[in-house]
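Student: For reference, this is data-v1.json, and it has JSON, C-alpha atoms.
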```
[["chain", "number", "residue", "atom", "x", "y", "z"],
["A", 44, "MET", "CA", 146.49, -40.63, 96.03],
["A", 45, "PRO", "CA", 145.88, -44.41, 95.98],
["A", 46, "LEU", "CA", 142.37, -45.44, 94.99],
["A", 47, "LYS", "CA", 141.75, -47.07, 98.40],
["A", 48, "ARG", "CA", 142.28, -43.66, 100.02],
["A", 49, "MET", "CA", 140.65, -41.51, 97.35],
["A", 50, "ILE", "CA", 137.28, -43.30, 97.28],
["A", 51, "PRO", "CA", 136.63, -42.92, 101.03],
["A", 52, "ALA", "CA", 137.77, -39.27, 100.95],
["A", 53, "VAL", "CA", 135.36, -38.40, 98.14],
["A", 54, "HIS", "CA", 132.58, -40.44, 99.76],
["A", 55, "GLN", "CA", 133.07, -38.63, 103.07],
["A", 56, "ALA", "CA", 133.05, -35.21, 101.39],
["A", 57, "VAL", "CA", 129.78, -35.91, 99.56],
["A", 58, "TYR", "CA", 128.22, -37.44, 102.68],
["A", 59, "ARG", "CA", 129.05, -34.40, 104.81],
["A", 60, "ALA", "CA", 128.17, -31.82, 102.14],
["A", 61, "THR", "CA", 124.70, -33.30, 101.70],
["A", 62, "ASN", "CA", 124.16, -34.14, 105.40],
["A", 63, "GLY", "CA", 123.84, -37.80, 104.48],
["A", 64, "ARG", "CA", 121.19, -37.33, 101.79],
["A", 65, "TRP", "CA", 123.67, -38.66, 99.23],
["A", 66, "SER", "CA", 126.15, -41.41, 99.94],
["A", 67, "SER", "CA", 124.25, -42.86, 102.91],
["A", 68, "ARG", "CA", 123.55, -45.82, 100.59],
["A", 69, "LEU", "CA", 126.09, -47.31, 98.24],
["A", 70, "ALA", "CA", 125.20, -50.15, 95.88],
["A", 71, "GLY", "CA", 122.09, -50.75, 97.98],
["A", 72, "GLN", "CA", 124.03, -50.91, 101.25],
["A", 73, "ASN", "CA", 123.71, -48.71, 104.33],
["A", 74, "MET", "CA", 126.69, -46.39, 104.81],
["A", 75, "LEU", "CA", 127.73, -44.31, 107.80],
["A", 76, "LEU", "CA", 130.59, -42.08, 108.81],
["A", 77, "LEU", "CA", 132.51, -43.29, 111.87],
["A", 78, "THR", "CA", 134.64, -40.77, 113.74],
["A", 79, "THR", "CA", 137.28, -42.15, 116.09],
["A", 80, "LYS", "CA", 140.20, -40.66, 117.94],
["A", 81, "GLY", "CA", 143.59, -41.76, 116.61],
["A", 82, "ARG", "CA", 145.18, -44.05, 119.17],
["A", 83, "ARG", "CA", 148.65, -42.55, 118.73],
["A", 84, "THR", "CA", 147.93, -38.99, 117.57],
["A", 85, "GLY", "CA", 144.66, -38.18, 119.33],
["A", 86, "VAL", "CA", 143.50, -36.64, 116.04],
["A", 87, "ARG", "CA", 139.88, -37.27, 115.01],
["A", 88, "ARG", "CA", 139.65, -39.67, 112.06],
["A", 89, "VAL", "CA", 136.57, -40.18, 109.89],
["A", 90, "VAL", "CA", 135.92, -43.23, 107.73],
["A", 91, "PRO", "CA", 132.87, -44.25, 105.68],
["A", 92, "LEU", "CA", 131.74, -47.81, 106.44],
["A", 93, "LEU", "CA", 129.02, -50.22, 105.47],
["A", 94, "TYR", "CA", 126.85, -51.06, 108.43],
["A", 95, "VAL", "CA", 124.14, -53.46, 109.47],
["A", 96, "PRO", "CA", 121.47, -52.24, 111.89],
["A", 97, "ASP", "CA", 120.55, -54.57, 114.74],
["A", 98, "GLY", "CA", 117.84, -52.98, 116.84],
["A", 99, "GLU", "CA", 119.36, -49.91, 118.53],
["A", 100, "ALA", "CA", 122.85, -51.22, 117.78],
["A", 101, "ILE", "CA", 124.90, -50.74, 114.64],
["A", 102, "ILE", "CA", 127.30, -53.40, 113.41],
["A", 103, "VAL", "CA", 130.40, -52.35, 111.48],
["A", 104, "ILE", "CA", 132.85, -54.70, 109.86],
["A", 105, "GLY", "CA", 136.65, -54.45, 110.00],
["A", 106, "SER", "CA", 137.19, -55.95, 106.56],
["A", 107, "ASN", "CA", 139.72, -53.37, 105.34],
["A", 108, "TRP", "CA", 138.70, -54.23, 101.77],
["A", 109, "GLY", "CA", 139.65, -57.86, 102.46],
["A", 110, "GLY", "CA", 143.22, -56.85, 103.29],
["A", 111, "ARG", "CA", 145.66, -58.73, 105.47],
["A", 112, "ARG", "CA", 145.58, -56.11, 108.26],
["A", 113, "ASN", "CA", 142.80, -54.81, 110.43],
["A", 114, "PRO", "CA", 141.78, -51.24, 109.55],
["A", 115, "ASP", "CA", 143.12, -48.32, 111.57],
["A", 116, "TRP", "CA", 139.66, -47.41, 112.85],
["A", 117, "TYR", "CA", 139.45, -50.85, 114.51],
["A", 118, "TRP", "CA", 142.64, -50.20, 116.51],
["A", 119, "ASN", "CA", 141.31, -46.75, 117.38],
["A", 120, "VAL", "CA", 138.08, -48.11, 118.92],
["A", 121, "LEU", "CA", 140.07, -50.72, 120.83],
["A", 122, "ALA", "CA", 142.12, -47.92, 122.37],
["A", 123, "ASP", "CA", 139.11, -45.65, 122.97],
["A", 124, "PRO", "CA", 135.61, -47.11, 122.48],
["A", 125, "HIS", "CA", 133.95, -43.68, 122.48],
["A", 126, "ALA", "CA", 133.17, -42.60, 118.93],
["A", 127, "ARG", "CA", 130.68, -40.69, 116.81],
["A", 128, "VAL", "CA", 128.49, -41.87, 113.98],
["A", 129, "GLN", "CA", 126.58, -40.12, 111.25],
["A", 130, "ALA", "CA", 124.03, -42.40, 109.61],
["A", 131, "GLY", "CA", 122.17, -40.32, 107.04],
["A", 132, "PRO", "CA", 121.28, -37.05, 108.77],
["A", 133, "ARG", "CA", 121.29, -38.75, 112.21],
["A", 134, "LYS", "CA", 124.35, -38.02, 114.34],
["A", 135, "LEU", "CA", 125.07, -39.75, 117.62],
["A", 136, "ARG", "CA", 127.74, -40.62, 120.12],
["A", 137, "VAL", "CA", 128.39, -44.34, 120.41],
["A", 138, "GLU", "CA", 130.37, -46.84, 122.42],
["A", 139, "ALA", "CA", 132.13, -49.61, 120.54],
["A", 140, "ARG", "CA", 132.70, -53.19, 121.58],
["A", 141, "ILE", "CA", 134.13, -56.14, 119.73],
["A", 142, "VAL", "CA", 131.75, -59.03, 119.07],
["A", 143, "GLY", "CA", 132.73, -62.02, 121.19],
["A", 144, "ALA", "CA", 133.10, -65.62, 120.04],
["A", 145, "ASP", "CA", 129.76, -66.65, 121.55],
["A", 146, "GLU", "CA", 127.76, -64.08, 119.56],
["A", 147, "ARG", "CA", 129.90, -64.05, 116.42],
["A", 148, "PRO", "CA", 127.94, -66.71, 114.43],
["A", 149, "ARG", "CA", 124.66, -64.82, 114.77],
["A", 150, "VAL", "CA", 126.18, -61.43, 114.00],
["A", 151, "TRP", "CA", 128.25, -62.79, 111.09],
["A", 152, "SER", "CA", 125.10, -64.30, 109.57],
["A", 153, "LEU", "CA", 123.36, -60.90, 109.81],
["A", 154, "VAL", "CA", 126.33, -59.24, 108.11],
["A", 155, "THR", "CA", 126.72, -61.78, 105.30],
["A", 156, "ALA", "CA", 122.96, -61.85, 104.66],
["A", 157, "GLN", "CA", 123.17, -58.10, 104.04],
["A", 158, "TYR", "CA", 126.43, -58.23, 102.10],
["A", 159, "PRO", "CA", 127.61, -61.68, 100.95],
["A", 160, "GLY", "CA", 130.91, -60.19, 99.72],
["A", 161, "TYR", "CA", 132.26, -60.39, 103.27],
["A", 162, "GLU", "CA", 132.20, -64.18, 103.02],
["A", 163, "ALA", "CA", 134.50, -63.96, 99.99],
["A", 164, "TYR", "CA", 136.83, -61.63, 101.96],
["A", 165, "ALA", "CA", 136.95, -64.13, 104.83],
["A", 166, "GLN", "CA", 137.72, -67.04, 102.48],
["A", 167, "ARG", "CA", 140.42, -65.04, 100.71],
["A", 168, "LEU", "CA", 142.07, -64.29, 104.06],
["A", 169, "GLY", "CA", 142.19, -68.03, 104.75],
["A", 170, "GLY", "CA", 142.98, -67.81, 108.46],
["A", 171, "ILE", "CA", 145.45, -64.89, 108.18],
["A", 172, "ARG", "CA", 143.08, -62.91, 110.36],
["A", 173, "GLU", "CA", 139.46, -63.04, 111.43],
["A", 174, "ILE", "CA", 137.46, -60.08, 110.19],
["A", 175, "PRO", "CA", 136.44, -58.16, 113.32],
["A", 176, "LEU", "CA", 132.82, -57.30, 113.94],
["A", 177, "VAL", "CA", 132.20, -54.23, 116.07],
["A", 178, "VAL", "CA", 128.95, -53.25, 117.75],
["A", 179, "LEU", "CA", 128.26, -49.54, 118.13],
["A", 180, "THR", "CA", 125.70, -48.77, 120.81],
["A", 181, "PRO", "CA", 124.31, -45.26, 121.40],
["A", 182, "ALA", "CA", 126.24, -43.78, 124.34],
["A", 183, "GLY", "CA", 124.27, -44.02, 127.54],
["A", 184, "ALA", "CA", 121.94, -46.68, 126.14],
["A", 185, "ALA", "CA", 121.27, -49.71, 128.27],
["A", 186, "ARG", "CA", 123.79, -52.45, 127.63],
["A", 187, "HIS", "CA", 122.40, -55.37, 125.70],
["A", 188, "SER", "CA", 123.72, -58.40, 123.93],
["A", 189, "VAL", "CA", 123.70, -58.21, 120.18]]
```
Could you render the structure from this file as structure tokens?
Tutor:
Amino acid sequence: MPLKRMIPAVHQAVYRATNGRWSSRLAGQNMLLLTTKGRRTGVRRVVPLLYVPDGEAIIVIGSNWGGRRNPDWYWNVLADPHARVQAGPRKLRVEARIVGADERPRVWSLVTAQYPGYEAYAQRLGGIREIPLVVLTPAGAARHSV
């Protein structure tokens, strides 16, 4: 199993087994489990992600380890914005939306302040793609701008 697939699988297993007591922080960063529905298969997919809290909202980053393609979970939330999140022991249903151009500078600065490594990813990509920023809002919560 390639390392890029093995690490998330182990992380997810530990996260679930300990109900988020372990693995909800990694190298000082907040981690969550995002569950989406596969856009082609309809199968539930779970991925561990770094996140940045922003009030009631949660920001996740489609960096795909700085790769040239957007991650599968990103395409899944585009197809169906209804997802689930486990952040530590807290589990909730969320609705996803892509950060628009007008709000991107503020959200990107929040993200890179928390984890400056994303700036290096963006520079390495050099215009191949823009790293998507996705806002997860608790389902049923009042809509607000992030």
Student: Near Ala122 (chain A), counting only C-alpha atoms, which residues have an atom at most 10 Å away, once you skip same-chain residues fewer than 5 positions from it, shown as a list in words?
Tutor: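 My list of contacting residues is Thr79, Lys80, Gly81, Arg82, Arg83, Trp116 and Tyr117 of chain A.
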Student: Take CA of Ala100 (chain A) and CA of Ala165 (chain A) and report the distance between them in Å, one decimal.
Tutor: 23.1 Å
Student: From the set A:Val150, A:Asp145, A:Glu99, A:Val120, which residue has the shortest atom-to-atom contact distance to Gly183 (chain A), counting all atoms listed in the file?
Tutor: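 For Gly183 (chain A), the nearest of the given residues is A:Glu99.
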Student: What gap, in Å, lies between CA of Leu75 (chain A) and CA of Asp97 (chain A)?
Tutor: 14.3 Å
Student: Every residue with an atom at most 8 Å from (132.5, -60.7, 115.8) (file coordinates; all atoms listed in the file) is what I'm after, so could you write them as a PyMOL selection string?
Tutor: chain A and resi 141-144+146-148+150-151+174-177
Student: Residues as selected, C-alpha atoms, written as a PDB file, keeping the file's coordinate frame, can you do that?
Tutor:
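What follows is the written file part-v5.pdb:
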```pdb
ATOM      1  CA  ILE A 141     134.130 -56.140 119.730  1.00  0.00           C
ATOM      2  CA  VAL A 142     131.750 -59.030 119.070  1.00  0.00           C
ATOM      3  CA  GLY A 143     132.730 -62.020 121.190  1.00  0.00           C
ATOM      4  CA  ALA A 144     133.100 -65.620 120.040  1.00  0.00           C
ATOM      5  CA  GLU A 146     127.760 -64.080 119.560  1.00  0.00           C
ATOM      6  CA  ARG A 147     129.900 -64.050 116.420  1.00  0.00           C
ATOM      7  CA  PRO A 148     127.940 -66.710 114.430  1.00  0.00           C
ATOM      8  CA  VAL A 150     126.180 -61.430 114.000  1.00  0.00           C
ATOM      9  CA  TRP A 151     128.250 -62.790 111.090  1.00  0.00           C
ATOM     10  CA  ILE A 174     137.460 -60.080 110.190  1.00  0.00           C
ATOM     11  CA  PRO A 175     136.440 -58.160 113.320  1.00  0.00           C
ATOM     12  CA  LEU A 176     132.820 -57.300 113.940  1.00  0.00           C
ATOM     13  CA  VAL A 177     132.200 -54.230 116.070  1.00  0.00           C
TER      14      VAL A 177
END
```
Student: Quick one: of A:Arg167, A:Glu173, A:Ala182, A:Leu76, who's nearest to Gly105 (chain A), counting only C-alpha atoms?
Tutor: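 Looking at the shortest contact to Gly105 (chain A), the residue is A:Glu173.
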Student: Provide the CA of Gly85 (chain A) to CA of Ile171 (chain A) distance in Å, to one decimal place.
Tutor: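 Separation between CA of Gly85 (chain A) and CA of Ile171 (chain A): 29.0 Å.
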Student: Counting only C-alpha atoms, which of A:Ala126, A:Ala156, A:Val178, A:Ala163 gets nearest to Val90 (chain A)?
Tutor: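 So, comparing all the options, the nearest one is A:Ala126.
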Student: Would you list the residues near (118.9, -54.2, 114.0), meaning any protein, DNA or RNA residue with an atom at most 12 Å from that point in file coordinates, counting all atoms listed in the file, as a count of residues only?
Tutor: 19
Student: Check the smallest atom-to-atom distance from each of A:His125, A:Arg149, A:Arg87, A:Arg111 to Val137 (chain A) using all atoms listed in the file, then report the winner.
Tutor: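 Looking at the shortest contact to Val137 (chain A), the residue is A:His125.
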Student: Please determine, counting only C-alpha atoms, which residue among A:Ala139, A:Arg88, A:Leu168, A:Ser152 has the shortest atom-to-atom distance to Trp108 (chain A).
Tutor: A:Leu168
Student: Counting only C-alpha atoms, figure out which residue out of A:Val128, A:Leu135, A:Leu92, A:Ile104 gets nearest to Tyr161 (chain A).
Tutor: A:Ile104
